[in-house]
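Novice: Sharing final-v3.csv below, CSV, C-alpha atoms:
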chain,number,residue,atom,x,y,z
A,229,MET,CA,103.3,85.2,-101.0
A,230,ARG,CA,106.7,83.8,-101.8
A,231,PRO,CA,106.9,81.3,-104.7
A,232,ALA,CA,108.1,78.5,-102.5
A,233,VAL,CA,105.0,78.8,-100.3
A,234,LYS,CA,102.8,78.9,-103.4
A,235,ASN,CA,104.4,75.8,-104.8
A,236,LEU,CA,104.0,74.0,-101.5
A,237,ILE,CA,100.3,74.9,-101.3
A,238,LEU,CA,99.8,73.8,-104.9
A,239,PHE,CA,101.7,70.5,-104.3
A,240,THR,CA,99.5,69.9,-101.2
A,241,VAL,CA,96.3,70.5,-103.1
A,242,ILE,CA,97.4,68.2,-105.9
A,243,LEU,CA,98.5,65.5,-103.5
A,244,ALA,CA,95.2,65.8,-101.6
A,245,SER,CA,93.3,65.6,-104.9
A,246,VAL,CA,95.3,62.5,-105.9
A,247,VAL,CA,94.7,60.8,-102.6
A,248,ALA,CA,91.0,61.7,-102.6
A,249,PHE,CA,90.7,60.4,-106.1
A,250,SER,CA,92.6,57.2,-105.2
A,251,VAL,CA,90.3,56.7,-102.2
A,252,TYR,CA,87.2,57.4,-104.3
A,253,ARG,CA,88.4,55.0,-107.0
A,254,THR,CA,89.1,52.3,-104.4
A,255,PHE,CA,85.6,52.5,-102.9
A,256,PHE,CA,83.3,53.7,-105.7
A,257,PHE,CA,84.7,52.7,-109.1
A,258,PRO,CA,83.2,49.5,-110.6
A,259,ASN,CA,85.3,46.5,-109.5
A,260,VAL,CA,83.0,43.6,-110.5
A,261,GLY,CA,83.2,42.3,-114.0
A,262,VAL,CA,81.1,39.2,-114.3
A,263,GLY,CA,79.4,39.7,-117.6
A,264,SER,CA,75.8,40.6,-118.3
A,265,GLY,CA,74.5,37.5,-116.5
A,266,GLY,CA,76.0,38.4,-113.2
A,267,GLY,CA,77.6,35.8,-110.8
A,268,VAL,CA,77.1,34.0,-107.6
A,269,LEU,CA,79.4,33.9,-104.6
A,270,HIS,CA,79.1,31.0,-102.0
A,271,ILE,CA,80.8,31.7,-98.7
A,272,ILE,CA,80.9,28.5,-96.6
A,273,SER,CA,80.3,28.5,-92.9
A,274,GLY,CA,83.5,29.3,-91.0
A,275,ALA,CA,85.2,30.8,-94.0
A,276,GLY,CA,87.9,33.5,-93.4
A,277,PHE,CA,88.5,36.6,-95.4
A,278,ASP,CA,91.3,35.1,-97.5
A,279,GLU,CA,88.9,32.3,-98.5
A,280,VAL,CA,86.3,34.9,-99.6
A,281,VAL,CA,89.0,36.6,-101.7
A,282,ASP,CA,90.0,33.3,-103.2
A,283,SER,CA,86.4,32.5,-104.1
A,284,LEU,CA,86.0,36.0,-105.7
A,285,LYS,CA,89.1,35.5,-107.7
A,286,SER,CA,88.4,31.9,-108.8
A,287,GLY,CA,85.0,33.0,-109.9
A,288,ARG,CA,86.5,35.9,-111.7
A,289,LEU,CA,84.0,38.2,-109.9
A,290,ILE,CA,86.4,41.0,-109.0
A,291,ILE,CA,88.8,43.0,-111.3
A,292,ASN,CA,91.3,44.4,-108.8
A,293,GLU,CA,92.1,42.2,-105.7
A,294,LYS,CA,94.3,44.9,-104.1
A,295,SER,CA,91.6,47.6,-104.1
A,296,PHE,CA,89.1,45.1,-102.7
A,297,ARG,CA,91.4,44.1,-99.9
A,298,LEU,CA,92.1,47.8,-99.0
A,299,ALA,CA,88.4,48.7,-99.0
A,300,ALA,CA,87.5,45.6,-97.0
A,301,LYS,CA,90.1,46.4,-94.4
A,302,ALA,CA,88.9,50.0,-94.2
A,303,ARG,CA,85.3,48.9,-93.8
A,304,LYS,CA,86.4,46.2,-91.2
A,305,TYR,CA,84.8,43.5,-93.4
A,306,THR,CA,87.7,41.2,-92.6
A,307,GLU,CA,86.2,40.8,-89.1
A,308,VAL,CA,82.6,40.0,-90.0
A,309,ILE,CA,82.5,37.3,-92.6
A,310,ARG,CA,78.9,36.1,-93.0
A,311,PRO,CA,78.3,32.8,-94.8
A,312,GLY,CA,75.7,32.5,-97.6
A,313,ARG,CA,74.9,32.7,-101.2
A,314,TYR,CA,75.4,36.2,-102.7
A,315,LEU,CA,74.3,37.5,-106.1
A,316,ILE,CA,77.1,39.6,-107.5
A,317,GLU,CA,76.0,42.2,-110.1
A,318,GLU,CA,78.0,43.5,-113.0
A,319,GLY,CA,79.6,46.9,-112.3
A,320,MET,CA,79.3,46.8,-108.5
A,321,SER,CA,81.8,48.9,-106.6
A,322,ASN,CA,83.8,47.6,-103.7
A,323,TYR,CA,81.7,49.8,-101.4
A,324,ARG,CA,78.4,48.2,-102.6
A,325,LEU,CA,79.9,44.7,-102.6
A,326,ILE,CA,81.4,44.9,-99.1
A,327,ASN,CA,78.2,46.5,-97.7
A,328,MET,CA,76.2,43.6,-99.1
A,329,LEU,CA,78.6,41.0,-97.7
A,330,ARG,CA,79.0,42.7,-94.3
A,331,ALA,CA,75.2,42.8,-93.9
A,332,GLY,CA,74.7,39.2,-95.0
A,333,MET,CA,72.3,40.3,-97.7
A,334,GLN,CA,72.3,36.9,-99.4
A,335,GLU,CA,70.1,35.7,-102.2
A,336,PRO,CA,67.7,32.9,-101.2
A,337,VAL,CA,67.6,29.7,-103.2
A,338,ARG,CA,64.5,28.1,-104.5
A,339,ILE,CA,64.5,24.4,-103.5
A,340,THR,CA,62.2,21.9,-105.2
A,341,PHE,CA,61.6,18.3,-104.4
A,342,ASN,CA,58.9,15.9,-105.6
A,343,ASN,CA,58.5,12.2,-106.5
A,344,VAL,CA,60.8,11.3,-103.5
A,345,ARG,CA,60.5,7.9,-101.9
A,346,THR,CA,63.0,7.6,-99.0
A,347,ILE,CA,64.9,9.7,-96.5
A,348,HIS,CA,68.2,9.0,-98.3
A,349,GLU,CA,66.8,10.1,-101.6
A,350,PHE,CA,65.3,13.2,-100.1
A,351,ALA,CA,68.6,14.1,-98.4
A,352,GLY,CA,70.4,13.7,-101.7
A,353,ARG,CA,68.0,16.0,-103.5
A,354,ILE,CA,68.2,18.7,-100.8
A,355,GLY,CA,72.0,18.3,-100.2
A,356,ARG,CA,72.6,19.4,-103.8
A,357,GLN,CA,70.7,22.6,-103.3
A,358,ILE,CA,72.0,23.9,-99.9
A,359,GLU,CA,75.3,24.0,-98.0
A,360,ALA,CA,74.5,21.0,-95.8
A,361,ASP,CA,75.4,17.8,-97.5
A,362,SER,CA,73.2,14.7,-97.7
A,363,ALA,CA,75.1,12.8,-95.0
A,364,VAL,CA,74.5,15.6,-92.5
A,365,LEU,CA,70.8,15.7,-93.4
A,366,VAL,CA,70.4,12.0,-93.1
A,367,GLN,CA,72.1,12.0,-89.7
A,368,PHE,CA,69.7,14.7,-88.5
A,369,LEU,CA,66.6,12.9,-89.8
A,370,GLU,CA,67.6,9.5,-88.4
A,371,ASP,CA,67.9,10.9,-84.9
A,372,GLU,CA,64.4,10.9,-83.4
A,373,SER,CA,65.5,13.2,-80.6
A,374,ASN,CA,65.6,16.1,-83.1
A,375,TYR,CA,61.8,16.0,-83.6
A,376,SER,CA,60.2,13.6,-81.2
A,377,SER,CA,58.9,16.5,-79.1
A,378,ASP,CA,56.9,17.6,-82.2
A,379,GLY,CA,55.1,14.2,-82.3
A,380,PHE,CA,57.1,12.5,-85.0
A,381,ARG,CA,59.1,9.3,-85.2
A,382,LYS,CA,61.8,8.2,-87.7
A,383,GLU,CA,59.1,6.4,-89.6
A,384,THR,CA,56.7,9.4,-89.8
A,385,VAL,CA,59.0,12.4,-90.1
A,386,MET,CA,58.8,12.4,-93.9
A,387,ALA,CA,55.2,13.6,-93.5
A,388,VAL,CA,56.7,17.0,-92.4
A,389,PHE,CA,58.2,17.6,-95.8
A,390,ILE,CA,55.4,18.3,-98.3
A,391,PRO,CA,56.8,18.3,-101.9
A,392,ASP,CA,56.7,21.8,-103.4
A,393,THR,CA,59.0,24.7,-104.1
A,394,TYR,CA,60.3,26.7,-101.2
A,395,GLU,CA,62.7,29.6,-100.7
A,396,VAL,CA,65.5,29.2,-98.0
A,397,TYR,CA,68.9,30.5,-97.4
A,398,TRP,CA,71.7,28.4,-98.9
A,399,ASN,CA,73.5,28.1,-95.5
A,400,ILE,CA,70.4,27.0,-93.6
A,401,THR,CA,71.3,24.2,-91.1
A,402,PRO,CA,69.5,20.8,-91.0
A,403,ARG,CA,67.6,21.9,-87.9
A,404,GLY,CA,66.7,25.2,-89.5
A,405,PHE,CA,65.5,23.4,-92.6
A,406,TYR,CA,63.4,21.0,-90.6
A,407,GLN,CA,61.9,23.9,-88.5
A,408,ARG,CA,61.1,25.8,-91.7
A,409,MET,CA,59.3,22.7,-93.2
A,410,LEU,CA,57.5,22.1,-89.9
A,411,ARG,CA,56.1,25.7,-90.2
A,412,GLU,CA,55.0,24.8,-93.7
A,413,TYR,CA,53.4,21.6,-92.5
A,414,ASN,CA,51.5,23.3,-89.7
A,415,GLY,CA,50.4,25.9,-92.2
A,416,PHE,CA,49.1,23.2,-94.5
A,417,TRP,CA,47.3,21.5,-91.6
A,418,ASN,CA,45.0,24.3,-90.8
A,419,ASP,CA,41.8,24.0,-88.8
A,420,GLU,CA,39.7,23.0,-91.8
A,421,ARG,CA,42.0,20.2,-93.0
A,422,ARG,CA,42.4,18.9,-89.4
A,423,ALA,CA,38.6,18.9,-89.1
A,424,ARG,CA,38.3,16.9,-92.3
A,425,ALA,CA,40.9,14.4,-91.1
A,426,GLY,CA,39.1,14.1,-87.7
A,427,ALA,CA,35.8,13.5,-89.5
A,428,ARG,CA,37.4,10.4,-91.0
A,429,ASN,CA,38.9,9.4,-87.6
A,430,LEU,CA,42.4,10.1,-88.9
A,431,THR,CA,45.3,12.1,-87.6
A,432,PRO,CA,47.3,14.3,-90.1
A,433,VAL,CA,50.1,11.7,-90.0
A,434,GLU,CA,47.6,8.9,-90.8
A,435,VAL,CA,46.3,11.0,-93.7
A,436,SER,CA,49.9,11.3,-94.9
A,437,ILE,CA,50.4,7.5,-94.8
A,438,ILE,CA,47.4,6.8,-96.9
A,439,ALA,CA,48.2,9.7,-99.2
A,440,SER,CA,51.7,8.3,-99.8
A,441,ILE,CA,50.1,4.9,-100.9
A,442,VAL,CA,47.6,6.7,-103.1
A,443,ASP,CA,50.3,8.8,-104.7
A,444,ASP,CA,52.3,5.6,-105.5
A,445,GLU,CA,49.3,3.7,-106.7
A,446,VAL,CA,47.8,6.2,-109.1
A,447,ALA,CA,49.0,7.4,-112.4
A,448,LYS,CA,45.9,9.6,-113.1
A,449,GLU,CA,45.3,12.5,-110.7
A,450,ASP,CA,41.5,12.4,-111.2
A,451,GLU,CA,41.4,8.8,-109.7
A,452,LYS,CA,43.1,9.7,-106.5
A,453,PRO,CA,39.9,10.5,-104.5
A,454,ARG,CA,38.3,7.3,-105.6
A,455,ILE,CA,41.2,5.1,-104.7
A,456,ALA,CA,41.6,6.9,-101.4
A,457,GLY,CA,38.0,6.0,-100.8
A,458,VAL,CA,38.8,2.3,-101.4
A,459,TYR,CA,41.5,2.3,-98.8
A,460,LEU,CA,39.3,4.2,-96.3
A,461,ASN,CA,36.6,1.5,-96.9
A,462,ARG,CA,39.1,-1.2,-96.2
A,463,LEU,CA,40.2,0.4,-93.0
A,464,ARG,CA,36.7,0.9,-91.9
A,465,THR,CA,35.7,-2.7,-92.5
A,466,GLY,CA,38.9,-4.2,-90.9
A,467,MET,CA,40.1,-5.5,-94.2
A,468,PRO,CA,43.9,-5.5,-94.9
A,469,LEU,CA,44.9,-2.6,-97.1
A,470,GLN,CA,46.7,-5.0,-99.4
A,471,ALA,CA,48.6,-2.1,-101.0
A,472,CYS,CA,51.4,-2.9,-103.5
A,473,PRO,CA,53.4,0.3,-102.7
A,474,THR,CA,53.9,-0.9,-99.2
A,475,ILE,CA,55.5,-4.1,-100.4
A,476,LYS,CA,57.9,-2.2,-102.6
A,477,PHE,CA,58.8,0.0,-99.7
A,478,ALA,CA,59.3,-3.0,-97.4
A,479,LEU,CA,61.6,-4.6,-99.9
A,480,ASN,CA,63.3,-1.3,-100.8
A,481,ASP,CA,62.9,-2.2,-104.4
A,482,PHE,CA,61.0,0.4,-106.4
A,483,THR,CA,61.7,-1.3,-109.7
A,484,ILE,CA,59.1,-3.9,-109.1
A,485,THR,CA,56.2,-3.5,-111.6
A,486,ARG,CA,54.4,-6.7,-110.8
A,487,VAL,CA,54.0,-7.7,-107.1
A,488,LEU,CA,54.1,-11.4,-106.9
A,489,ASN,CA,53.1,-13.9,-104.1
A,490,GLU,CA,56.8,-14.3,-103.2
A,491,HIS,CA,57.0,-10.5,-102.6
A,492,MET,CA,54.1,-10.6,-100.2
A,493,LEU,CA,55.9,-13.0,-97.9
A,494,VAL,CA,58.3,-10.3,-96.7
A,495,ASP,CA,58.1,-10.1,-92.9
A,496,SER,CA,57.8,-6.3,-92.4
A,497,PRO,CA,55.3,-4.0,-90.6
A,498,TYR,CA,55.0,-2.3,-93.9
A,499,ASN,CA,53.6,-5.5,-95.5
A,500,THR,CA,49.9,-4.6,-95.6
A,501,TYR,CA,49.0,-8.0,-97.1
A,502,LYS,CA,50.3,-9.6,-93.9
A,503,TYR,CA,49.4,-7.0,-91.3
A,504,ARG,CA,46.1,-5.1,-90.9
A,505,GLY,CA,45.8,-1.4,-90.4
A,506,LEU,CA,48.2,1.3,-91.5
A,507,PRO,CA,51.9,0.7,-91.9
A,508,PRO,CA,54.3,2.6,-89.5
A,509,GLY,CA,54.8,5.6,-91.8
A,510,PRO,CA,54.5,6.9,-95.3
A,511,VAL,CA,56.0,4.9,-98.1
A,512,ARG,CA,57.0,8.0,-100.0
A,513,PHE,CA,56.8,11.8,-99.4
A,514,PRO,CA,53.0,12.5,-99.8
A,515,THR,CA,52.0,15.2,-102.3
A,516,ILE,CA,49.5,17.9,-101.7
A,517,SER,CA,47.1,16.3,-104.2
A,518,GLY,CA,47.4,13.0,-102.4
A,519,LEU,CA,46.7,14.5,-99.1
A,520,ASP,CA,43.7,16.4,-100.4
A,521,ALA,CA,42.5,13.3,-102.2
A,522,VAL,CA,42.3,11.5,-98.8
A,523,LEU,CA,40.6,14.4,-97.1
A,524,ASN,CA,38.1,14.6,-100.0
A,525,ALA,CA,37.9,10.9,-100.7
A,526,GLU,CA,34.9,9.7,-102.7
A,527,LYS,CA,32.2,8.0,-100.8
A,528,HIS,CA,31.4,4.7,-102.4
A,529,GLU,CA,31.2,1.0,-101.7
A,530,TYR,CA,34.2,-0.2,-103.7
A,531,LEU,CA,36.7,-2.4,-101.9
A,532,TYR,CA,38.8,-3.5,-104.8
A,533,PHE,CA,40.5,-2.0,-107.9
A,534,SER,CA,42.7,-3.4,-110.6
A,535,ALA,CA,44.6,-1.7,-113.4
A,536,LYS,CA,42.8,-1.8,-116.7
A,537,ALA,CA,44.2,-4.2,-119.3
A,538,ASP,CA,44.4,-1.4,-121.9
A,539,PHE,CA,47.3,0.1,-119.9
A,540,SER,CA,45.6,3.5,-119.9
A,541,GLY,CA,46.7,4.1,-116.3
A,542,TYR,CA,43.1,3.9,-115.1
A,543,HIS,CA,41.5,1.2,-112.9
A,544,ASN,CA,38.4,-1.0,-112.8
A,545,PHE,CA,36.7,-0.8,-109.4
A,546,SER,CA,34.7,-3.6,-107.8
A,547,ARG,CA,32.5,-4.1,-104.8
A,548,THR,CA,33.0,-7.9,-104.7
A,549,LEU,CA,36.0,-10.1,-104.8
A,550,ALA,CA,34.6,-12.2,-107.6
A,551,GLU,CA,34.2,-9.2,-109.9
A,552,HIS,CA,37.7,-8.0,-108.9
A,553,ASN,CA,39.2,-11.3,-109.7
A,554,ARG,CA,37.8,-11.2,-113.3
A,555,TYR,CA,39.3,-7.7,-113.8
A,556,ALA,CA,42.6,-8.8,-112.3
A,557,ALA,CA,42.8,-11.9,-114.5
A,558,GLU,CA,42.3,-9.7,-117.6
A,559,TYR,CA,45.2,-7.5,-116.5
A,560,HIS,CA,47.5,-10.4,-115.7
A,561,ARG,CA,46.9,-12.0,-119.1
A,562,GLU,CA,47.9,-8.7,-120.7
A,563,LEU,CA,51.0,-8.5,-118.5
A,564,ASN,CA,52.0,-12.1,-119.6
A,565,ARG,CA,51.3,-11.2,-123.2
A,566,ARG,CA,53.7,-8.2,-122.9
A,567,GLY,CA,56.3,-10.3,-121.2
A,568,ILE,CA,56.1,-8.4,-117.9
A,569,TYR,CA,56.8,-10.9,-115.2
A,570,ARG,CA,58.4,-8.8,-112.4
Please lay out the structure from this file as structure tokens.
Specialist:
Amino acid sequence: MRPAVKNLILFTVILASVVAFSVYRTFFFPNVGVGSGGGVLHIISGAGFDEVVDSLKSGRLIINEKSFRLAAKARKYTEVIRPGRYLIEEGMSNYRLINMLRAGMQEPVRITFNNVRTIHEFAGRIGRQIEADSAVLVQFLEDESNYSSDGFRKETVMAVFIPDTYEVYWNITPRGFYQRMLREYNGFWNDERRARAGARNLTPVEVSIIASIVDDEVAKEDEKPRIAGVYLNRLRTGMPLQACPTIKFALNDFTITRVLNEHMLVDSPYNTYKYRGLPPGPVRFPTISGLDAVLNAEKHEYLYFSAKADFSGYHNFSRTLAEHNRYAAEYHRELNRRGIYR
């Protein structure tokens, strides 16, 4: 074999080796350097490939932009951008990274909400944890046509959202989030709980309304079933609920610590001092413990309760108005002594 031919073969082999190594390095060498803690990439809905690259660069998630672009083009990732929240691991190659992004293998977020009083407060909490902002969530929840077919109104839809911790995808839509919470709601309201509600002549939504009042009224968890029993007794006898939490909700003022006669004059269907029966909807997002307290309410003859004057968070319970007034007077004297007038 002539030397020129040998040299050509050798050059071709070397060139092929260089090309093969370059391709291998582009696809399979580590191209993520985010530190031992890893990193998170958020791809917003409607984002294009250049926006993905910008997010990777701004988050310092990739080492070599050029190699990522080459690998992405070869794998046709530029044509299939999937929004979401992705966990980027230290040492990932372009091949692994692009496969994950192409497949939409995003990491779910754990959302938590509790101690929430209003739709706007709820939307603010959730809007900080998923892609949809609070304004979009409020808009969805204030439009009854989004859920009226499920049997809810604007006043009662908060019953669907039972405070807890849930896993959802970051880019879930408001409708998708509502539907997810509706599945959780229907799972909570199994046959056994629905039967308990029915035994008290209550619907699940009515249980939620009472539970929301109990949750707001009670500082001590072990008192919830007893206070739930008081409200059920009032409903059964036709007595107004006279629940202070409904006044705060009607006034949209949750700083009130002492409900006064002037507060009770508010003309609102939520004013349970003025109107008998249940208010139109929950006065906060009812907790699981509140719901179960109503379903497992104590059976007793108490119609009244008043906070104890020792400020322990517990209550004195009474069967008669005269006995209740004595306890209430003790508590009011202590409020005055402490300078609490509102």
Novice: What is the distance, in Å and to one decimal place, between atom CA of A:Asn399 and atom CA of A:Glu359?
Specialist: 5.1 Å
Novice: Which polymer residues have any atom within 7 Å of an atom of A:Thr500, counting all atoms listed in the file, with same-chain residues fewer than 2 positions away left out, as number ranges by chain?
Specialist: A: 468-471, 474, 498, 502-504, 507
Novice: Can I get the residues of stretch 364-405 of chain A within 10 Å of stretch 436-452 of chain A, each with the closest pair of atoms and their distance in Å to one decimal, using all atoms listed in the file, sorted chain first then ascending number, as CSV?
Specialist:
residue,atom,partner,partner_atom,distance
A:Thr384,CA,A:Ile437,CA,8.3
A:Met386,CA,A:Ser436,CA,9.0
A:Ala387,CA,A:Ser436,CA,5.9
A:Val388,CA,A:Ser436,CA,9.2
A:Ile390,CA,A:Ser436,CA,9.5
Novice: Do a neighbour search on A:Asn292 at 9 Å with only C-alpha atoms, toss out local chain neighbours closer than 5 positions, and write the hits as an NGL selection string.
Specialist: :A and (259-260 or 297)
Novice: Counting only C-alpha atoms, what are the residues of stretch 366-385 of chain A within 10 Å of stretch 404-417 of chain A, and for each of them which pair of atoms is the nearest and at what distance in Å, to one decimal? Sort the table by chain and rising number, as a tab-separated table.
Specialist:
residue	atom	partner	partner_atom	distance
A:Phe368	CA	A:Tyr406	CA	9.2
A:Leu369	CA	A:Tyr406	CA	8.7
A:Asn374	CA	A:Tyr406	CA	9.2
A:Tyr375	CA	A:Tyr406	CA	8.7
A:Asp378	CA	A:Leu410	CA	8.9
A:Val385	CA	A:Tyr406	CA	9.7
Novice: Export C-alpha atoms of the chosen residues as a short mmCIF file (atom, residue, chain, number, x, y, z; two decimals), in the frame of the given file?
Specialist:
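Produced file again_34.cif, reproduced below:
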data_model
loop_
_atom_site.label_atom_id
_atom_site.label_comp_id
_atom_site.auth_asym_id
_atom_site.auth_seq_id
_atom_site.Cartn_x
_atom_site.Cartn_y
_atom_site.Cartn_z
CA PHE A 368 69.70 14.70 -88.50
CA LEU A 369 66.60 12.90 -89.80
CA ASN A 374 65.60 16.10 -83.10
CA TYR A 375 61.80 16.00 -83.60
CA ASP A 378 56.90 17.60 -82.20
CA VAL A 385 59.00 12.40 -90.10
#
Novice: Would you kindly return, as a list of chain:residue names, each protein, DNA or RNA residue with an atom no farther than 6 Å from any atom of A:Gly457, considering all atoms listed in the file and excluding same-chain residues fewer than 3 positions away?
Specialist: A:Arg454, A:Leu460, A:Ala525, A:Glu526
Novice: Using only C-alpha atoms for the distances, tell me which of A:Tyr459, A:Phe350, A:Tyr542, A:Tyr397 is nearest to A:Val366.
Specialist: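 For A:Val366, the nearest of the candidates is A:Phe350.
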Novice: Quick one: residues within 8 Å of A:Ser273, only C-alpha atoms counted, chain neighbours fewer than 3 positions away excluded, as a PyMOL selection string?
Specialist: chain A and resi 310-312+399
Novice: When you draw a straight line from atom CA of A:Phe513 to atom CA of A:Leu365, how long is it in Å?
Specialist: 15.7 Å
Novice: Just to confirm, what's the straight-line distance from atom CA of A:Arg462 to atom CA of A:Gly505 in Å (one decimal)?
Specialist: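 Here the two named atoms are 8.9 Å from each other.
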Novice: Quick one: residues within 12 Å of (87.1, 34.6, -93.4) (file frame), counting only C-alpha atoms, please, as a PyMOL selection string.
Specialist: chain A and resi 271-283+300+304-311+329-330
Novice: Between A:Ile358, A:Pro258, A:Val435, A:Glu558, which has the minimum distance to A:Ala423 (counting all atoms listed in the file)?
Specialist: A:Val435
Novice: So, counting only C-alpha atoms, which residue among A:Gly426, A:Leu479, A:Ser534, A:Ser295 is closest to A:Asn553?
Specialist: A:Ser534
Novice: Given the choices A:Val458, A:Ile400, A:Ala363, A:Ile347, which gets closest to A:Asn480 if the distance is worked out from all atoms listed in the file?
Specialist: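 Looking only at the distances to A:Asn480, the closest residue turns out to be A:Ile347.
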Novice: Using only C-alpha atoms, what residues lie at most 12 Å away from (79.5, 47.7, -97.9) (file coordinates), given as an MDAnalysis selection string?
Specialist: chainID A and resid 255:256 296 299:306 308 320:333
Novice: Could you give me, as number ranges by chain, the residues within 10 Å of stretch 484-489 of chain A, counting only C-alpha atoms and dropping anything in the same chain fewer than 4 positions from it?
Specialist: A: 471-473, 475-476, 479-480, 493-494, 560, 563, 568-570
Novice: Keeping only C-alpha atoms, write the selected residues as a compact mmCIF listing (two decimals), keeping the file's coordinate frame.
Specialist:
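result-v9.txt, written as the output of this step:
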# COMPACT_ATOMS: atom_id res chain seq x y z
CA ALA A 471 48.60 -2.10 -101.00
CA CYS A 472 51.40 -2.90 -103.50
CA PRO A 473 53.40 0.30 -102.70
CA ILE A 475 55.50 -4.10 -100.40
CA LYS A 476 57.90 -2.20 -102.60
CA LEU A 479 61.60 -4.60 -99.90
CA ASN A 480 63.30 -1.30 -100.80
CA LEU A 493 55.90 -13.00 -97.90
CA VAL A 494 58.30 -10.30 -96.70
CA HIS A 560 47.50 -10.40 -115.70
CA LEU A 563 51.00 -8.50 -118.50
CA ILE A 568 56.10 -8.40 -117.90
CA TYR A 569 56.80 -10.90 -115.20
CA ARG A 570 58.40 -8.80 -112.40
